[in-house]
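In what follows, a single structure is set out as structure tokens and then discussed.
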Amino acid sequence: MARNKDAMVLLIDVSPSMHKALPEIEKVCSMLAEKKLIYSKYDEVAVVLFGTEETENELTKEVGGYEHVVVLQNIKVVDGQLVETLQQLPRGTHDGDFLDAIIVGMDMLIKKYGETYKGKKRLCLLTNAQFPIKYPLEGTKEDQVSTIAEHMNTHGMRMESIVVRGSLTGEANKSVMDENDNLLGIFSKKTCAKLVHVESPTSLLGALRTRKISPVTIFRGDLELSPKMKIKVWVYKKTSEEKFPTLKKYSDKAPPTDKFATHEVKVDFEYKSVEDPSKVVPPDQRIKGYRYGPQVIPISSAEWDAVKFKPEKGVKLLGFSDAKNIMRHYYMKDVNVFIPEPGNTRAILAVSALARAMQDMNKVAILRCVWRQGQGNVVVGVLTPNVSDNDNIPDSFYFNVLPFAEDVREFQFPSFNNFPASWQPNEQQQEAADDFVRMFDLAPPGKEEALPPGLTPNPVLERFYRHLELKSRHPDAAVPPLDETLRMITEPDKELLSQNGSVLDVCRSRFEVKENPKLKKSSRRFLRDKPTGSNEGHADISDEPNSSEYTSAVKVEKVGDATPVQDFEAMINRRDSPQWVGKAIKDMKNKIHDLVEDSYEGDNYPKALECLIALRKGCILEQEPKQFNDFLRTLCIFCQEKALGSFCEFLASKELTLISKTEAIDSEVTDDEARNFLVKSEPKME
């Protein structure tokens, strides 16, 4: 068999104390088989049960012992029958001895593959480890486990141990469980083994890696600190989004009797001339075009290749920065891990020294990375030290891609400090909010963390795989309801909500919640037909909508004449593009200017003042004080030049002032300057 193939023996405890956990174990084990059918259909799997009434394994026949261990399926290529077998595991009647099961599983792998097999050999143990194992004929239990671990290393075997505890199991002897945990821990220390404890169905679902992905380096080379200082490193992906399996087009046109039919569907495209639709344009006569204003600019593949940026492969240090300067929300894409070149002692020491120095100084490194030759783009990212707690694992770095200016999306949201005091939460509201957050803490003190990323599967993918397996057996089967275990991942914990009903009631009572009333059908239809920028027909609306209703009815794109304040508020509240804040301020300035200039004996002054107050409030909330202050100064100068001093007097009587630094931190106006900005009346023109 090939190197990338996997031979696995599942060792499943079916003793009475495991009966509550078996339904979840059936799900996770059958899911493992389903994924192998999709991604690794040539992998081989065996199933061994322990804690059974019967005994059926080769070691019992050959040397005796190893009772209550049954080989449910010998090692063979994974198939649909294995899925069905794992979905209906028998229930045992005796206490399970996990060490007997491990030895039986090792014996099966050794007899099947010997020492020449280059593929992966794995044991996967699922048990609650509640009952003691038998004493060996010679030595201690620890000596026996150490001997077994040495044999595992000799034959290149790996082991995963998943210990099911918590509400899934009954009462047990704690000293026995501690002893068994210690024995399983010896495997982790002396061989390539992994030990995981789970306490919930969701954690169990994610504890067994149902799909193994071999690590592949994305870069091998020098981490260049300077032209004369380089460290040999390898770079792997640490996290990467799991995608849906590729679905291929399938044709059923081939005759059923054709055993060699591939059922493949080939897709071909033809490009035809606009002038002559019957004429096919060959590839050598086609060229790409890019829109540039009203034009389409043709660029040939040769030109495009010449204009491409072609950096050289390499990873170079640009400099160091304080860790506090790199915000968490700057991180983009997947996470990579930098490790020293395996077996290179000098590289290991250099990486360790650099990582520990950066950690002591609370620094991060900024790198420029080109992972491969011919890569069309340069990556700039942050390197964070990862100092290992394990003596057997060298120190490393985590790498996150940082955005360029074009990648950053600036969405400005007003600070709570800019709101009036009446809008600020009081002490009782703040306390209720604190209790609400504490109630939903996924990692409360003294309890297992809920939904840890390393043990929580993607519910969308899990549901897809289960339905795919169901359709393979029953093509006409309907989509089943969402599994309860997956529902626990996608919905709030009902038990938690019921236990904390008082917290929810207090939170609800502290905050006044109002329903946002909907517009009448006639008004909504009218507003949809006549956008707010139009001057026509507003007088026909009998019930004029308030600001919140108006905002939700239509997406306002212009400050109109009928309801300029509502239009302005609607535009600055739009978050689908950053341009709306600037456009709203500009439109409102123009509206105020027109109202003042077109006023007859001050008839527009009150409306202009309303608009000015709305503009002032909006500029404070959006942190644009300079725009308002400059506009108010310019407006006063304009009024003095155009003999509209009465408007300046009107503003002075209403004590409308500039935005001070106290109201908006970006303002350059002091409180005294704002208070003293009272427009003086000009002498009337004779």
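Letters A, B, ... go to the chains of the structure tokens in the order shown; residues in each chain start at 1; ligands are counted from 1 in the same order.
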Near-range 403-409 of chain A list (9 Å; only C-alpha atoms; drop same-chain fewer than 5 positions) as a tab-separated table (two decimals) with C-alpha atoms, in the first residue's frame:
```tsv
chain	number	residue	atom	x	y	z
A	330	TYR	CA	-6.03	43.23	11.53
A	331	TYR	CA	-5.51	39.48	11.04
A	332	MET	CA	-6.51	38.16	7.61
A	379	VAL	CA	2.39	39.11	1.73
A	380	VAL	CA	3.15	41.33	4.71
A	381	GLY	CA	2.35	39.80	8.09
A	578	PRO	CA	-18.65	55.08	3.81
```
Inset, instruction - Can you pull out every residue within 9 Å of range 668-673 of chain A, counting only C-alpha atoms, but drop anything in the same chain fewer than 4 positions away, and send it as a count of residues only? - result: 9
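The space separating CA of Arg346 in chain A from CA of Leu225 in chain A comes to 14.9 Å.
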Legend entry - Distance in Å - CA of Arg575 in chain A versus CA of Lys555 in chain A: 10.7 Å
Inset, instruction - Mind listing the helix (DSSP H, G or I) residues of range 208-434 of chain A, per DSSP on the backbone, as a count of residues only? - result: 50
Legend entry - Long-range neighbours of range 323-328 of chain A as JSON, numbers by chain, 10 Å cut-off, only C-alpha atoms, 6 positions minimum in chain: {"A": [358, 359, 361, 362, 363, 364, 365, 366, 382, 383, 384, 400, 402]}
Selection from above, N, CA and C atoms, as a compact mmCIF listing (two decimals), in the first residue's frame, can you write it?
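Okay, out-v2.txt is ready:
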```txt
# COMPACT_ATOMS: atom_id res chain seq x y z
N MET A 358 11.57 38.07 22.06
CA MET A 358 10.38 38.82 21.65
C MET A 358 9.30 38.73 22.71
N GLN A 359 9.15 37.55 23.31
CA GLN A 359 8.13 37.41 24.35
C GLN A 359 8.48 38.25 25.58
N MET A 361 10.17 40.99 25.70
CA MET A 361 10.06 42.41 25.39
C MET A 361 8.67 42.79 24.88
N ASN A 362 7.77 41.78 24.78
CA ASN A 362 6.42 42.00 24.28
C ASN A 362 6.43 42.61 22.89
N LYS A 363 7.23 42.01 22.01
CA LYS A 363 7.39 42.49 20.65
C LYS A 363 6.86 41.46 19.66
N VAL A 364 6.53 41.95 18.47
CA VAL A 364 6.20 41.09 17.34
C VAL A 364 7.06 41.53 16.16
N ALA A 365 7.24 40.63 15.20
CA ALA A 365 8.04 40.93 14.02
C ALA A 365 7.13 41.12 12.81
N ILE A 366 7.52 42.04 11.94
CA ILE A 366 6.79 42.28 10.69
C ILE A 366 7.63 41.72 9.55
N VAL A 382 2.48 39.53 10.45
CA VAL A 382 3.03 39.68 11.79
C VAL A 382 3.42 38.31 12.33
N LEU A 383 4.61 38.23 12.93
CA LEU A 383 5.14 37.00 13.49
C LEU A 383 5.07 37.10 15.01
N THR A 384 4.31 36.20 15.64
CA THR A 384 4.10 36.22 17.08
C THR A 384 4.81 35.04 17.72
N ASN A 400 0.43 35.72 10.95
CA ASN A 400 -0.87 36.19 10.46
C ASN A 400 -0.66 37.26 9.40
N LEU A 402 -1.29 40.58 7.40
CA LEU A 402 -1.81 41.90 7.73
C LEU A 402 -2.37 42.57 6.49
```
Inset, instruction - List every residue of range 372-615 of chain A that DSSP, applied to the backbone of this structure, assigns to strand (DSSP E), and report them as a VMD selection string. - result: chain A and resid 379 to 386 396 to 401
Saved selection, atoms kept: C-alpha atoms, as a short mmCIF file (atom, residue, chain, number, x, y, z; two decimals), in the first residue's frame:
```
data_model
loop_
_atom_site.label_atom_id
_atom_site.label_comp_id
_atom_site.auth_asym_id
_atom_site.auth_seq_id
_atom_site.Cartn_x
_atom_site.Cartn_y
_atom_site.Cartn_z
CA VAL A 379 2.39 39.11 1.73
CA VAL A 380 3.15 41.33 4.71
CA GLY A 381 2.35 39.80 8.09
CA VAL A 382 3.03 39.68 11.79
CA LEU A 383 5.14 37.00 13.49
CA THR A 384 4.10 36.22 17.08
CA PRO A 385 6.32 34.12 19.40
CA ASN A 386 5.00 30.74 20.57
CA SER A 396 8.02 28.41 17.09
CA PHE A 397 6.15 31.41 15.69
CA TYR A 398 2.59 32.03 14.54
CA PHE A 399 2.18 34.11 11.37
CA ASN A 400 -0.87 36.19 10.46
CA VAL A 401 -1.31 38.15 7.25
#
```
Inset, instruction - Write out as number ranges by chain which residues come within 12 Å of Glu312 in chain A when counting only C-alpha atoms, dropping same-chain ones fewer than 6 positions away. - result: A: 368-378
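Residues in contact with Glu142 in chain A at up to 12 Å, not including ones fewer than 5 positions away on its chain and judged by only C-alpha atoms, are Leu99, Ile133, Lys134, Tyr135, Pro136, Thr147, Ile148, Ala149, Glu179, Asn180, Asp181, Asn182, Leu183, Leu184, Gly185, Ile186, Phe187 and Lys190 of chain A.
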Export of the given selection (N, CA, C and O atoms) as a tab-separated table (two decimals), in the first residue's frame:
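Final output, part_34.tsv:
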```
chain	number	residue	atom	x	y	z
A	99	LEU	N	-6.43	-2.18	28.06
A	99	LEU	CA	-5.08	-2.62	27.70
A	99	LEU	C	-5.14	-3.91	26.88
A	99	LEU	O	-4.36	-4.10	25.93
A	133	ILE	N	-7.44	-2.29	35.03
A	133	ILE	CA	-6.93	-3.33	34.14
A	133	ILE	C	-6.31	-4.44	34.99
A	133	ILE	O	-6.01	-4.25	36.17
A	134	LYS	N	-6.12	-5.61	34.39
A	134	LYS	CA	-5.59	-6.76	35.13
A	134	LYS	C	-4.10	-6.54	35.44
A	134	LYS	O	-3.38	-5.91	34.67
A	135	TYR	N	-3.68	-7.08	36.56
A	135	TYR	CA	-2.27	-7.00	36.93
A	135	TYR	C	-1.46	-7.93	36.03
A	135	TYR	O	-1.90	-9.04	35.71
A	136	PRO	N	-0.29	-7.52	35.60
A	136	PRO	CA	0.54	-8.41	34.76
A	136	PRO	C	1.15	-9.53	35.59
A	136	PRO	O	1.24	-9.46	36.82
A	147	THR	N	6.43	-1.17	28.16
A	147	THR	CA	6.86	-2.20	27.20
A	147	THR	C	6.00	-2.14	25.94
A	147	THR	O	6.51	-2.23	24.80
A	148	ILE	N	4.68	-1.98	26.11
A	148	ILE	CA	3.77	-1.90	24.96
A	148	ILE	C	4.09	-0.65	24.13
A	148	ILE	O	4.09	-0.68	22.90
A	149	ALA	N	4.39	0.46	24.82
A	149	ALA	CA	4.72	1.70	24.11
A	149	ALA	C	5.97	1.53	23.26
A	149	ALA	O	6.07	2.05	22.14
A	179	GLU	N	-5.66	6.30	38.15
A	179	GLU	CA	-4.61	5.35	37.78
A	179	GLU	C	-4.62	5.09	36.28
A	179	GLU	O	-3.56	5.06	35.62
A	180	ASN	N	-5.82	4.90	35.72
A	180	ASN	CA	-5.93	4.64	34.28
A	180	ASN	C	-5.48	5.85	33.46
A	180	ASN	O	-4.84	5.71	32.41
A	181	ASP	N	-5.83	7.06	33.95
A	181	ASP	CA	-5.37	8.27	33.25
A	181	ASP	C	-3.84	8.34	33.25
A	181	ASP	O	-3.23	8.75	32.25
A	182	ASN	N	-3.24	7.94	34.35
A	182	ASN	CA	-1.78	7.93	34.44
A	182	ASN	C	-1.18	6.94	33.45
A	182	ASN	O	-0.18	7.22	32.78
A	183	LEU	N	-1.80	5.76	33.33
A	183	LEU	CA	-1.30	4.74	32.40
A	183	LEU	C	-1.42	5.21	30.95
A	183	LEU	O	-0.50	5.03	30.14
A	184	LEU	N	-2.55	5.83	30.62
A	184	LEU	CA	-2.72	6.37	29.26
A	184	LEU	C	-1.75	7.52	29.02
A	184	LEU	O	-1.31	7.74	27.88
A	185	GLY	N	-1.44	8.26	30.10
A	185	GLY	CA	-0.47	9.34	29.95
A	185	GLY	C	0.92	8.84	29.61
A	185	GLY	O	1.70	9.53	28.94
A	186	ILE	N	1.27	7.62	30.07
A	186	ILE	CA	2.57	7.03	29.74
A	186	ILE	C	2.69	6.83	28.23
A	186	ILE	O	3.75	7.06	27.64
A	187	PHE	N	1.58	6.40	27.59
A	187	PHE	CA	1.60	6.25	26.13
A	187	PHE	C	1.93	7.59	25.47
A	187	PHE	O	2.69	7.66	24.51
A	190	LYS	N	5.75	8.32	25.97
A	190	LYS	CA	6.76	7.41	25.45
A	190	LYS	C	6.55	7.00	24.00
A	190	LYS	O	7.40	6.31	23.42
```
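In this structure, CA of Arg158 in chain A sits 6.2 Å away from CA of Leu123 in chain A.
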Legend entry - Polymer residues at most 10 Å from range 54-58 of chain A, only C-alpha atoms, same-chain spacing of 5 or more positions, as number ranges by chain: A: 48-49, 63-72, 74, 92-94, 101, 104-105, 107-108
Output file for the selection above: N, CA, C and O atoms, as an mmCIF file, in the first residue's frame:
```cif
data_model
loop_
_atom_site.group_PDB
_atom_site.id
_atom_site.type_symbol
_atom_site.label_atom_id
_atom_site.label_comp_id
_atom_site.auth_asym_id
_atom_site.auth_seq_id
_atom_site.Cartn_x
_atom_site.Cartn_y
_atom_site.Cartn_z
ATOM 1 N N VAL A 48 -12.672 -3.270 16.893
ATOM 2 C CA VAL A 48 -12.507 -4.188 18.028
ATOM 3 C C VAL A 48 -13.355 -3.651 19.180
ATOM 4 O O VAL A 48 -13.254 -2.477 19.537
ATOM 5 N N LEU A 49 -14.189 -4.521 19.761
ATOM 6 C CA LEU A 49 -15.022 -4.149 20.900
ATOM 7 C C LEU A 49 -14.496 -4.842 22.159
ATOM 8 O O LEU A 49 -14.049 -5.993 22.096
ATOM 9 N N VAL A 63 -2.807 -17.858 22.626
ATOM 10 C CA VAL A 63 -2.098 -17.863 23.914
ATOM 11 C C VAL A 63 -3.033 -17.833 25.107
ATOM 12 O O VAL A 63 -2.574 -17.921 26.256
ATOM 13 N N GLY A 64 -4.346 -17.657 24.886
ATOM 14 C CA GLY A 64 -5.288 -17.578 25.990
ATOM 15 C C GLY A 64 -5.373 -16.164 26.546
ATOM 16 O O GLY A 64 -4.627 -15.258 26.179
ATOM 17 N N GLY A 65 -6.325 -15.958 27.437
ATOM 18 C CA GLY A 65 -6.526 -14.617 27.992
ATOM 19 C C GLY A 65 -7.280 -13.719 27.030
ATOM 20 O O GLY A 65 -7.979 -14.187 26.115
ATOM 21 N N TYR A 66 -7.167 -12.402 27.269
ATOM 22 C CA TYR A 66 -7.820 -11.403 26.413
ATOM 23 C C TYR A 66 -9.316 -11.688 26.267
ATOM 24 O O TYR A 66 -9.867 -11.709 25.160
ATOM 25 N N GLU A 67 -9.950 -11.923 27.411
ATOM 26 C CA GLU A 67 -11.376 -12.252 27.404
ATOM 27 C C GLU A 67 -12.218 -10.993 27.242
ATOM 28 O O GLU A 67 -11.791 -9.880 27.568
ATOM 29 N N HIS A 68 -13.438 -11.221 26.742
ATOM 30 C CA HIS A 68 -14.426 -10.158 26.532
ATOM 31 C C HIS A 68 -13.927 -9.100 25.538
ATOM 32 O O HIS A 68 -14.255 -7.918 25.634
ATOM 33 N N VAL A 69 -13.116 -9.563 24.574
ATOM 34 C CA VAL A 69 -12.648 -8.712 23.477
ATOM 35 C C VAL A 69 -13.064 -9.382 22.180
ATOM 36 O O VAL A 69 -12.724 -10.545 21.930
ATOM 37 N N VAL A 70 -13.840 -8.659 21.361
ATOM 38 C CA VAL A 70 -14.385 -9.210 20.114
ATOM 39 C C VAL A 70 -13.890 -8.380 18.930
ATOM 40 O O VAL A 70 -13.989 -7.145 18.952
ATOM 41 N N VAL A 71 -13.356 -9.067 17.910
ATOM 42 C CA VAL A 71 -13.019 -8.396 16.646
ATOM 43 C C VAL A 71 -14.289 -8.369 15.806
ATOM 44 O O VAL A 71 -14.680 -9.374 15.210
ATOM 45 N N LEU A 72 -14.931 -7.201 15.794
ATOM 46 C CA LEU A 72 -16.197 -7.082 15.065
ATOM 47 C C LEU A 72 -15.974 -7.057 13.566
ATOM 48 O O LEU A 72 -16.781 -7.574 12.795
ATOM 49 N N ASN A 74 -12.493 -7.421 10.769
ATOM 50 C CA ASN A 74 -11.063 -7.482 10.507
ATOM 51 C C ASN A 74 -10.637 -6.316 9.612
ATOM 52 O O ASN A 74 -11.474 -5.621 9.021
ATOM 53 N N GLY A 92 -22.333 -4.301 25.546
ATOM 54 C CA GLY A 92 -21.642 -5.318 26.320
ATOM 55 C C GLY A 92 -22.232 -5.496 27.709
ATOM 56 O O GLY A 92 -23.087 -4.727 28.155
ATOM 57 N N THR A 93 -21.745 -6.522 28.405
ATOM 58 C CA THR A 93 -22.263 -6.842 29.739
ATOM 59 C C THR A 93 -21.162 -6.922 30.794
ATOM 60 O O THR A 93 -21.454 -7.098 31.972
ATOM 61 N N HIS A 94 -19.887 -6.825 30.369
ATOM 62 C CA HIS A 94 -18.771 -6.941 31.305
ATOM 63 C C HIS A 94 -17.955 -5.647 31.339
ATOM 64 O O HIS A 94 -18.024 -4.830 30.418
ATOM 65 N N ALA A 101 -7.539 -4.673 24.852
ATOM 66 C CA ALA A 101 -7.989 -4.254 23.521
ATOM 67 C C ALA A 101 -6.829 -3.655 22.727
ATOM 68 O O ALA A 101 -6.696 -3.900 21.517
ATOM 69 N N VAL A 104 -4.649 -6.501 21.430
ATOM 70 C CA VAL A 104 -5.316 -7.197 20.314
ATOM 71 C C VAL A 104 -5.214 -6.368 19.038
ATOM 72 O O VAL A 104 -4.922 -6.887 17.947
ATOM 73 N N GLY A 105 -5.438 -5.056 19.156
ATOM 74 C CA GLY A 105 -5.346 -4.194 17.981
ATOM 75 C C GLY A 105 -3.936 -4.140 17.416
ATOM 76 O O GLY A 105 -3.737 -4.191 16.183
ATOM 77 N N ASP A 107 -1.662 -6.500 17.667
ATOM 78 C CA ASP A 107 -1.407 -7.812 17.061
ATOM 79 C C ASP A 107 -2.005 -7.883 15.656
ATOM 80 O O ASP A 107 -1.374 -8.428 14.735
ATOM 81 N N MET A 108 -3.196 -7.320 15.464
ATOM 82 C CA MET A 108 -3.828 -7.327 14.141
ATOM 83 C C MET A 108 -2.998 -6.530 13.137
ATOM 84 O O MET A 108 -2.782 -6.968 11.989
#
```
Legend entry - Contacts of Val565 in chain A within 8 Å, only C-alpha atoms, excl. fewer than 2 positions in-chain, as number ranges by chain: A: 559, 563, 567-569, 610-611, 614
